[in-house]
Each structure stands twice: as structure tokens, then as C-alpha cells.
Amino acid sequence: MTARPERDFLLGDAAAEIRRLTLHAQVWEPEAERMLDRIGVPRAAHCVDVGCGSRGVLAALSRRAGPDGRVVGVDADARVLAAARAHVEREGLGNVELVEGDALATGLPRAAFHLVHARFLLAPLGREEDLVRELIALTAPGGVAVLQEPDAGSWGCFPEPAAFPVLRDAVLAAFRKKGGDLNAGRRTFGRLREAGLQDVQLRPAVLAFQDGHPYLRLPLLFVEALRSLILDSGILRAAELNRAVQGYEEFLRAPSGCMVTFTVFQTWGRKPRR
């Protein structure tokens with residue numbers, strides 16, 4: 001196990017990162033519930049949420065697995081795991097265990113889990129073949145490996161302020177600078193098929209927000225995390241970035257604005273029985 005290599009490029013201030021992770025989890029929870037209902041998680045299942053962050057889908061898996069099941073949450077950052085531990089205790093998730101470990105080499109038992117899940121890991125990490133290989137290695141024969149990853153093609157604001165594409169494109173460029181890709185979702189279906197999973201399924205999820213919802217600030221939250229990288233790598237100059245941030249803040253104060261999110265590609269497949 002390693003300390004936290006996969007979070008280094010986003011994790012500046014731990015408290016801010018935990019807020020972002022928690023907001024992501026809360027916003028996408030209903031879609032994760034629908035996905036898991038479609039997959040079907042058996043009672044007494046053993047499940048793992050790789051890169052669980054501050055809450056991930058731990059509660060949803062815990063409830064489906066039931067008291068005779070087991071859910072393991074893995075994350076590489078101890079501070080994020082502390083937030084996850086507080087969430088587990090607050091929700092009374094007695095069948096959940098939290099483990100500090102690297103998403104690419106979790107150290108968990110091989111072929112031991114009925115369902116293996118990861119969300120928003122390929123986008124910042126890259127290393128797509130390595131992560132998919134680890135997820136499938138954890139999955140028991142007949143079990144299901146699940147990925148949830150974004151695709152920025154649908155991400156937009158309406159009416160679109162001039163600041164939005166500046167911020168969006170800077171965020172996408174910053175992800176690419178570190179080897180990630182905010183459009184990783186569009187490759188997940190092919191990745192799982194190429195890896196040999198059977199009955200691979202794809203469910204796209206897109207949300208829309210208005211009237212001051214916290215997720216409207218997502219471009220600013222990304223920029224907050226990536227500001228040094230954006231400036232140091234020359235993606236934008238400080239004056240350009242500050243002007244775009246100010247322009248987007250003005251958009252947020254307007255009563256008529258709304259945002260459509262990136263598409264989350266929910267993709268899963270079943271590991272062949274030997």
C-alpha cells in the first residue's frame with residue numbers, strides 16, 4: 001500500500017477536497033442508487049468501493065449487502081478516510097470496513113468480491129489499464145466490476161457566460177497535464193469489454209441545477225483545486241483566470257442561469273466464471 005499517489009494533483013487543502021468529494025457523492029447518490037438497483041446486489045454480498053473518498057457509495061452498498069454482507073472502502077489519503085469513518089459511524093454502517101491503500105494496488109484479496117466499484121478515478125488518475133486490471137482482479141468469478149466516470153461533452157451553462165468555456169477548458173487541460181482526462185467516461189464501455197468482462201452495460205446519467213444549488217459552483221471548485229497547475233503550466237495567466245472566475249461569479253448571481261452537468265458513464269460487466 002502507498003500513501004496517496006493518486007490524489008496528489010487534486011488534493012491541495014484537505015478540507016476543501018473533502019467538501020468537493022462529499023458534494024460529488026451527495027449529488028450523484030440517486031443515480032448510483034438507480035444503477036445499483038439495475039445491477040442487483042445480492043444479500044450477504046462482499047463489496048468494495050475503490051477510491052471511496054469521504055463517503056462514496058458505501059451506504060448504498062451497505063444497505064444492499066445487509067448485516068451478513070461486507071463492504072470495504074479503500075482510499076489513499078488518511079484525512080479523507082477520517083471523513084469517511086465519521087460518515088460510517090454517523091450512518092451506523094456496521095458492515096463497512098475502511099482501508100488505506102492505493103487504488104492501483106489495493107492489497108485486498110484477489111477474486112474475493114461480488115461487486116467492485118470505482119467512481120471518478122480514471123478521470124484524475126489516467127492509468128486506465130492498470131485500474132481496470134486491479135478492479136477485475138478483485139472481482140470474484142461471476143461478480144460485477146463497476147466504473148462511473150465523467151464525459152464533459154454535455155457540461156454547459158445556459159445562457160452561457162463567456163467565463164464558463166474559459167474555466168471548463170482550463171480544467172480539462174489541467175487534467176490532461178497530469179495524465180488524466182475529464183472525458184474518461186467515453187472509454188469505459190470499451191475498456192471493460194476489452195478486459196474480457198461479459199454482458200457489459202452502459203447507463204449515462206446527466207443532471208441539471210438551478211437556483212443557487214451548490215453544484216453550480218463546480219467550475220470554481222475545480223479551479224480552486226487546480227489553480228497552481230493552471231498557472232504554473234501556462235494554461236491561463238493569472239489575470240485571465242481571475243477575470244473568468246469573476247465573470248462566473250456574476251453568472252451565479254443571475255436568477256435565470258442553470259447548468260447541465262458532465263455525463264457520468266455508469267458502466268459495468270460480469271467477470272466470467274472459470
# chains A, B, ... in the order shown; residues from 1 in each chain; ligands from 1

call {"tool": "closest_atom_pairs", "arguments": {"of": "stretch 199-237 of chain A", "to": "stretch 159-175 of chain A", "cutoff": "7 Å", "atoms": "only C-alpha atoms", "output": "tab-separated table"}}
result
residue	atom	partner	partner_atom	distance
A:Pro219	CA	A:Leu167	CA	6.4
A:Phe222	CA	A:Val171	CA	6.7
A:Val223	CA	A:Val171	CA	6.6
A:Leu226	CA	A:Ala174	CA	7.0
A:Leu229	CA	A:Ala174	CA	6.5
A:Ile230	CA	A:Ala174	CA	6.0
A:Ile235	CA	A:Ala170	CA	6.3

call {"tool": "select_by_dssp", "arguments": {"residues": "stretch 78-206 of chain A", "states": "strand (DSSP E)", "output": "number ranges by chain"}}
result
A: 96-100, 113-119, 139-151, 156-158, 198-205

call {"tool": "residues_around", "arguments": {"residues": "stretch 109-122 of chain A", "least_positions_apart": "3", "cutoff": "8 Å", "atoms": "only C-alpha atoms", "output": "ChimeraX atom specification"}}
result
/A:41,45-52,56,125-128,131,135-150,180-181,184

call {"tool": "write_last_selection", "arguments": {"atoms": "C-alpha atoms", "output": "compact mmCIF listing (two decimals), in the first residue's frame"}}
result
# COMPACT_ATOMS: atom_id res chain seq x y z
CA VAL A 41 -26.54 -6.57 -5.34
CA ALA A 45 -22.57 -9.80 -0.82
CA HIS A 46 -18.96 -8.80 -0.32
CA CYS A 47 -18.38 -5.43 -2.00
CA VAL A 48 -15.54 -2.93 -2.30
CA ASP A 49 -15.61 0.79 -3.16
CA VAL A 50 -12.15 1.65 -4.51
CA GLY A 51 -11.31 5.33 -4.05
CA CYS A 52 -14.31 5.77 -1.76
CA GLY A 56 -18.55 7.19 -1.96
CA LEU A 125 -5.53 9.25 -12.49
CA GLY A 126 -5.28 8.10 -16.05
CA ARG A 127 -3.60 4.68 -15.78
CA GLU A 128 -6.79 3.20 -17.21
CA LEU A 131 -7.01 0.47 -12.67
CA LEU A 135 -10.77 -3.90 -10.27
CA ILE A 136 -11.17 -7.11 -12.23
CA ALA A 137 -8.54 -8.86 -10.12
CA LEU A 138 -10.62 -8.07 -7.00
CA THR A 139 -13.84 -9.33 -8.60
CA ALA A 140 -14.91 -12.90 -7.91
CA PRO A 141 -15.87 -15.11 -10.87
CA GLY A 142 -19.46 -14.25 -11.70
CA GLY A 143 -19.13 -10.93 -9.86
CA VAL A 144 -19.54 -7.44 -11.29
CA ALA A 145 -16.96 -4.68 -11.82
CA VAL A 146 -18.39 -1.15 -12.00
CA LEU A 147 -16.96 2.15 -13.21
CA GLN A 148 -18.52 5.62 -13.02
CA GLU A 149 -16.57 8.22 -14.99
CA PRO A 150 -17.36 11.64 -16.46
CA GLY A 180 -5.87 12.27 -16.55
CA ASP A 181 -8.88 13.04 -18.71
CA ALA A 184 -12.55 9.26 -19.46

call {"tool": "closest_atom_pairs", "arguments": {"of": "stretch 176-224 of chain A", "to": "stretch 22-25 of chain A", "cutoff": "12 Å", "atoms": "only C-alpha atoms", "output": "Markdown table"}}
result
| residue | atom | partner | partner_atom | distance |
| --- | --- | --- | --- | --- |
| A:Leu207 | CA | A:His24 | CA | 12.0 |
| A:His213 | CA | A:Leu23 | CA | 10.8 |
| A:Pro214 | CA | A:Leu23 | CA | 8.0 |
| A:Tyr215 | CA | A:Leu23 | CA | 7.4 |
| A:Leu216 | CA | A:Leu23 | CA | 11.1 |
| A:Arg217 | CA | A:Leu23 | CA | 10.6 |
| A:Leu218 | CA | A:His24 | CA | 9.3 |
| A:Leu221 | CA | A:Leu23 | CA | 10.4 |
| A:Phe222 | CA | A:His24 | CA | 11.8 |

call {"tool": "atom_distance", "arguments": {"atom1": "atom CA of A:Val99", "atom2": "atom CA of A:Ala14"}}
result
18.2 Å

call {"tool": "residues_around", "arguments": {"residues": "A:Pro255", "least_positions_apart": "2", "cutoff": "10 Å", "atoms": "only C-alpha atoms", "output": "PDB file with N, CA and C atoms, in the first residue's frame"}}
result
ATOM      1  N   GLN A 210     -30.123  24.580 -10.809  1.00  0.00           N
ATOM      2  CA  GLN A 210     -30.517  25.983 -10.905  1.00  0.00           C
ATOM      3  C   GLN A 210     -30.682  26.550  -9.505  1.00  0.00           C
ATOM      4  N   ASP A 211     -31.040  27.833  -9.454  1.00  0.00           N
ATOM      5  CA  ASP A 211     -31.460  28.491  -8.210  1.00  0.00           C
ATOM      6  C   ASP A 211     -30.459  28.335  -7.070  1.00  0.00           C
ATOM      7  N   GLY A 212     -29.187  28.538  -7.366  1.00  0.00           N
ATOM      8  CA  GLY A 212     -28.178  28.581  -6.321  1.00  0.00           C
ATOM      9  C   GLY A 212     -27.747  27.243  -5.770  1.00  0.00           C
ATOM     10  N   PHE A 251     -22.375  35.305 -13.167  1.00  0.00           N
ATOM     11  CA  PHE A 251     -23.392  34.389 -13.706  1.00  0.00           C
ATOM     12  C   PHE A 251     -24.166  33.731 -12.571  1.00  0.00           C
ATOM     13  N   LEU A 252     -23.474  33.334 -11.510  1.00  0.00           N
ATOM     14  CA  LEU A 252     -24.140  32.665 -10.396  1.00  0.00           C
ATOM     15  C   LEU A 252     -25.139  33.579  -9.698  1.00  0.00           C
ATOM     16  N   ARG A 253     -24.921  34.870  -9.761  1.00  0.00           N
ATOM     17  CA  ARG A 253     -25.832  35.811  -9.104  1.00  0.00           C
ATOM     18  C   ARG A 253     -27.063  36.110  -9.955  1.00  0.00           C
ATOM     19  N   GLY A 257     -29.918  31.674 -14.676  1.00  0.00           N
ATOM     20  CA  GLY A 257     -28.905  30.722 -15.101  1.00  0.00           C
ATOM     21  C   GLY A 257     -29.154  29.307 -14.609  1.00  0.00           C
ATOM     22  N   CYS A 258     -28.701  28.339 -15.398  1.00  0.00           N
ATOM     23  CA  CYS A 258     -28.740  26.938 -14.991  1.00  0.00           C
ATOM     24  C   CYS A 258     -27.515  26.238 -15.554  1.00  0.00           C
TER      25      CYS A 258
END

call {"tool": "atom_distance", "arguments": {"atom1": "atom CA of A:Phe158", "atom2": "atom CA of A:Ala205"}}
result
18.8 Å

call {"tool": "closest_residue", "arguments": {"among": "A:Gly190, A:Val80, A:Leu98, A:Val27", "to": "A:Ala15", "atoms": "only C-alpha atoms"}}
result
A:Val80

call {"tool": "closest_residue", "arguments": {"among": "A:Ile18, A:Leu108, A:Val96, A:Ala32", "to": "A:Arg79", "atoms": "only C-alpha atoms"}}
result
A:Ile18

call {"tool": "residues_around", "arguments": {"residues": "A:Met259", "least_positions_apart": "6", "cutoff": "6 Å", "atoms": "only C-alpha atoms", "output": "mmCIF file with N, CA and C atoms, in the first residue's frame"}}
result
data_model
loop_
_atom_site.group_PDB
_atom_site.id
_atom_site.type_symbol
_atom_site.label_atom_id
_atom_site.label_comp_id
_atom_site.auth_asym_id
_atom_site.auth_seq_id
_atom_site.Cartn_x
_atom_site.Cartn_y
_atom_site.Cartn_z
ATOM 1 N N GLY A 156 -22.370 22.260 -19.551
ATOM 2 C CA GLY A 156 -22.585 23.610 -20.059
ATOM 3 C C GLY A 156 -23.481 24.423 -19.152
ATOM 4 N N CYS A 157 -23.455 25.724 -19.361
ATOM 5 C CA CYS A 157 -24.311 26.664 -18.631
ATOM 6 C C CYS A 157 -25.192 27.398 -19.621
ATOM 7 N N ALA A 208 -29.219 18.455 -14.042
ATOM 8 C CA ALA A 208 -29.292 19.902 -14.261
ATOM 9 C C ALA A 208 -29.585 20.584 -12.931
ATOM 10 N N PHE A 209 -28.992 21.781 -12.746
ATOM 11 C CA PHE A 209 -29.136 22.508 -11.486
ATOM 12 C C PHE A 209 -29.426 23.983 -11.754
#

call {"tool": "decode", "arguments": {"residues": "stretch 63-78 of chain A", "atoms": "N, CA and C atoms", "output": "PDB file, in the first residue's frame"}}
result
ATOM      1  N   ARG A  63     -26.374  -1.077   2.686  1.00  0.00           N
ATOM      2  CA  ARG A  63     -27.792  -1.391   2.826  1.00  0.00           C
ATOM      3  C   ARG A  63     -28.176  -2.607   1.990  1.00  0.00           C
ATOM      4  N   ARG A  64     -27.647  -2.708   0.799  1.00  0.00           N
ATOM      5  CA  ARG A  64     -27.990  -3.836  -0.070  1.00  0.00           C
ATOM      6  C   ARG A  64     -27.340  -5.132   0.402  1.00  0.00           C
ATOM      7  N   ALA A  65     -26.103  -5.056   0.870  1.00  0.00           N
ATOM      8  CA  ALA A  65     -25.418  -6.269   1.323  1.00  0.00           C
ATOM      9  C   ALA A  65     -26.019  -6.809   2.609  1.00  0.00           C
ATOM     10  N   GLY A  66     -26.535  -5.925   3.443  1.00  0.00           N
ATOM     11  CA  GLY A  66     -27.187  -6.351   4.667  1.00  0.00           C
ATOM     12  C   GLY A  66     -26.203  -6.759   5.758  1.00  0.00           C
ATOM     13  N   PRO A  67     -26.714  -7.118   6.930  1.00  0.00           N
ATOM     14  CA  PRO A  67     -25.839  -7.397   8.082  1.00  0.00           C
ATOM     15  C   PRO A  67     -24.917  -8.589   7.877  1.00  0.00           C
ATOM     16  N   ASP A  68     -25.277  -9.500   6.982  1.00  0.00           N
ATOM     17  CA  ASP A  68     -24.416 -10.654   6.726  1.00  0.00           C
ATOM     18  C   ASP A  68     -23.415 -10.391   5.606  1.00  0.00           C
ATOM     19  N   GLY A  69     -23.482  -9.211   5.004  1.00  0.00           N
ATOM     20  CA  GLY A  69     -22.553  -8.839   3.950  1.00  0.00           C
ATOM     21  C   GLY A  69     -21.382  -8.054   4.488  1.00  0.00           C
ATOM     22  N   ARG A  70     -20.507  -7.669   3.580  1.00  0.00           N
ATOM     23  CA  ARG A  70     -19.305  -6.933   3.958  1.00  0.00           C
ATOM     24  C   ARG A  70     -19.008  -5.904   2.868  1.00  0.00           C
ATOM     25  N   VAL A  71     -18.699  -4.685   3.290  1.00  0.00           N
ATOM     26  CA  VAL A  71     -18.328  -3.622   2.363  1.00  0.00           C
ATOM     27  C   VAL A  71     -16.991  -3.052   2.807  1.00  0.00           C
ATOM     28  N   VAL A  72     -16.047  -2.970   1.889  1.00  0.00           N
ATOM     29  CA  VAL A  72     -14.734  -2.387   2.160  1.00  0.00           C
ATOM     30  C   VAL A  72     -14.608  -1.099   1.359  1.00  0.00           C
ATOM     31  N   GLY A  73     -14.247  -0.021   2.020  1.00  0.00           N
ATOM     32  CA  GLY A  73     -13.935   1.232   1.361  1.00  0.00           C
ATOM     33  C   GLY A  73     -12.438   1.468   1.384  1.00  0.00           C
ATOM     34  N   VAL A  74     -11.869   1.749   0.214  1.00  0.00           N
ATOM     35  CA  VAL A  74     -10.427   1.962   0.089  1.00  0.00           C
ATOM     36  C   VAL A  74     -10.164   3.376  -0.385  1.00  0.00           C
ATOM     37  N   ASP A  75      -9.258   4.064   0.283  1.00  0.00           N
ATOM     38  CA  ASP A  75      -8.796   5.363  -0.199  1.00  0.00           C
ATOM     39  C   ASP A  75      -7.344   5.547   0.218  1.00  0.00           C
ATOM     40  N   ALA A  76      -6.620   6.362  -0.557  1.00  0.00           N
ATOM     41  CA  ALA A  76      -5.186   6.507  -0.322  1.00  0.00           C
ATOM     42  C   ALA A  76      -4.843   7.612   0.657  1.00  0.00           C
ATOM     43  N   ASP A  77      -5.804   8.448   1.031  1.00  0.00           N
ATOM     44  CA  ASP A  77      -5.494   9.582   1.889  1.00  0.00           C
ATOM     45  C   ASP A  77      -6.133   9.407   3.260  1.00  0.00           C
ATOM     46  N   ALA A  78      -5.318   9.437   4.295  1.00  0.00           N
ATOM     47  CA  ALA A  78      -5.806   9.190   5.653  1.00  0.00           C
ATOM     48  C   ALA A  78      -6.808  10.248   6.090  1.00  0.00           C
TER      49      ALA A  78
END
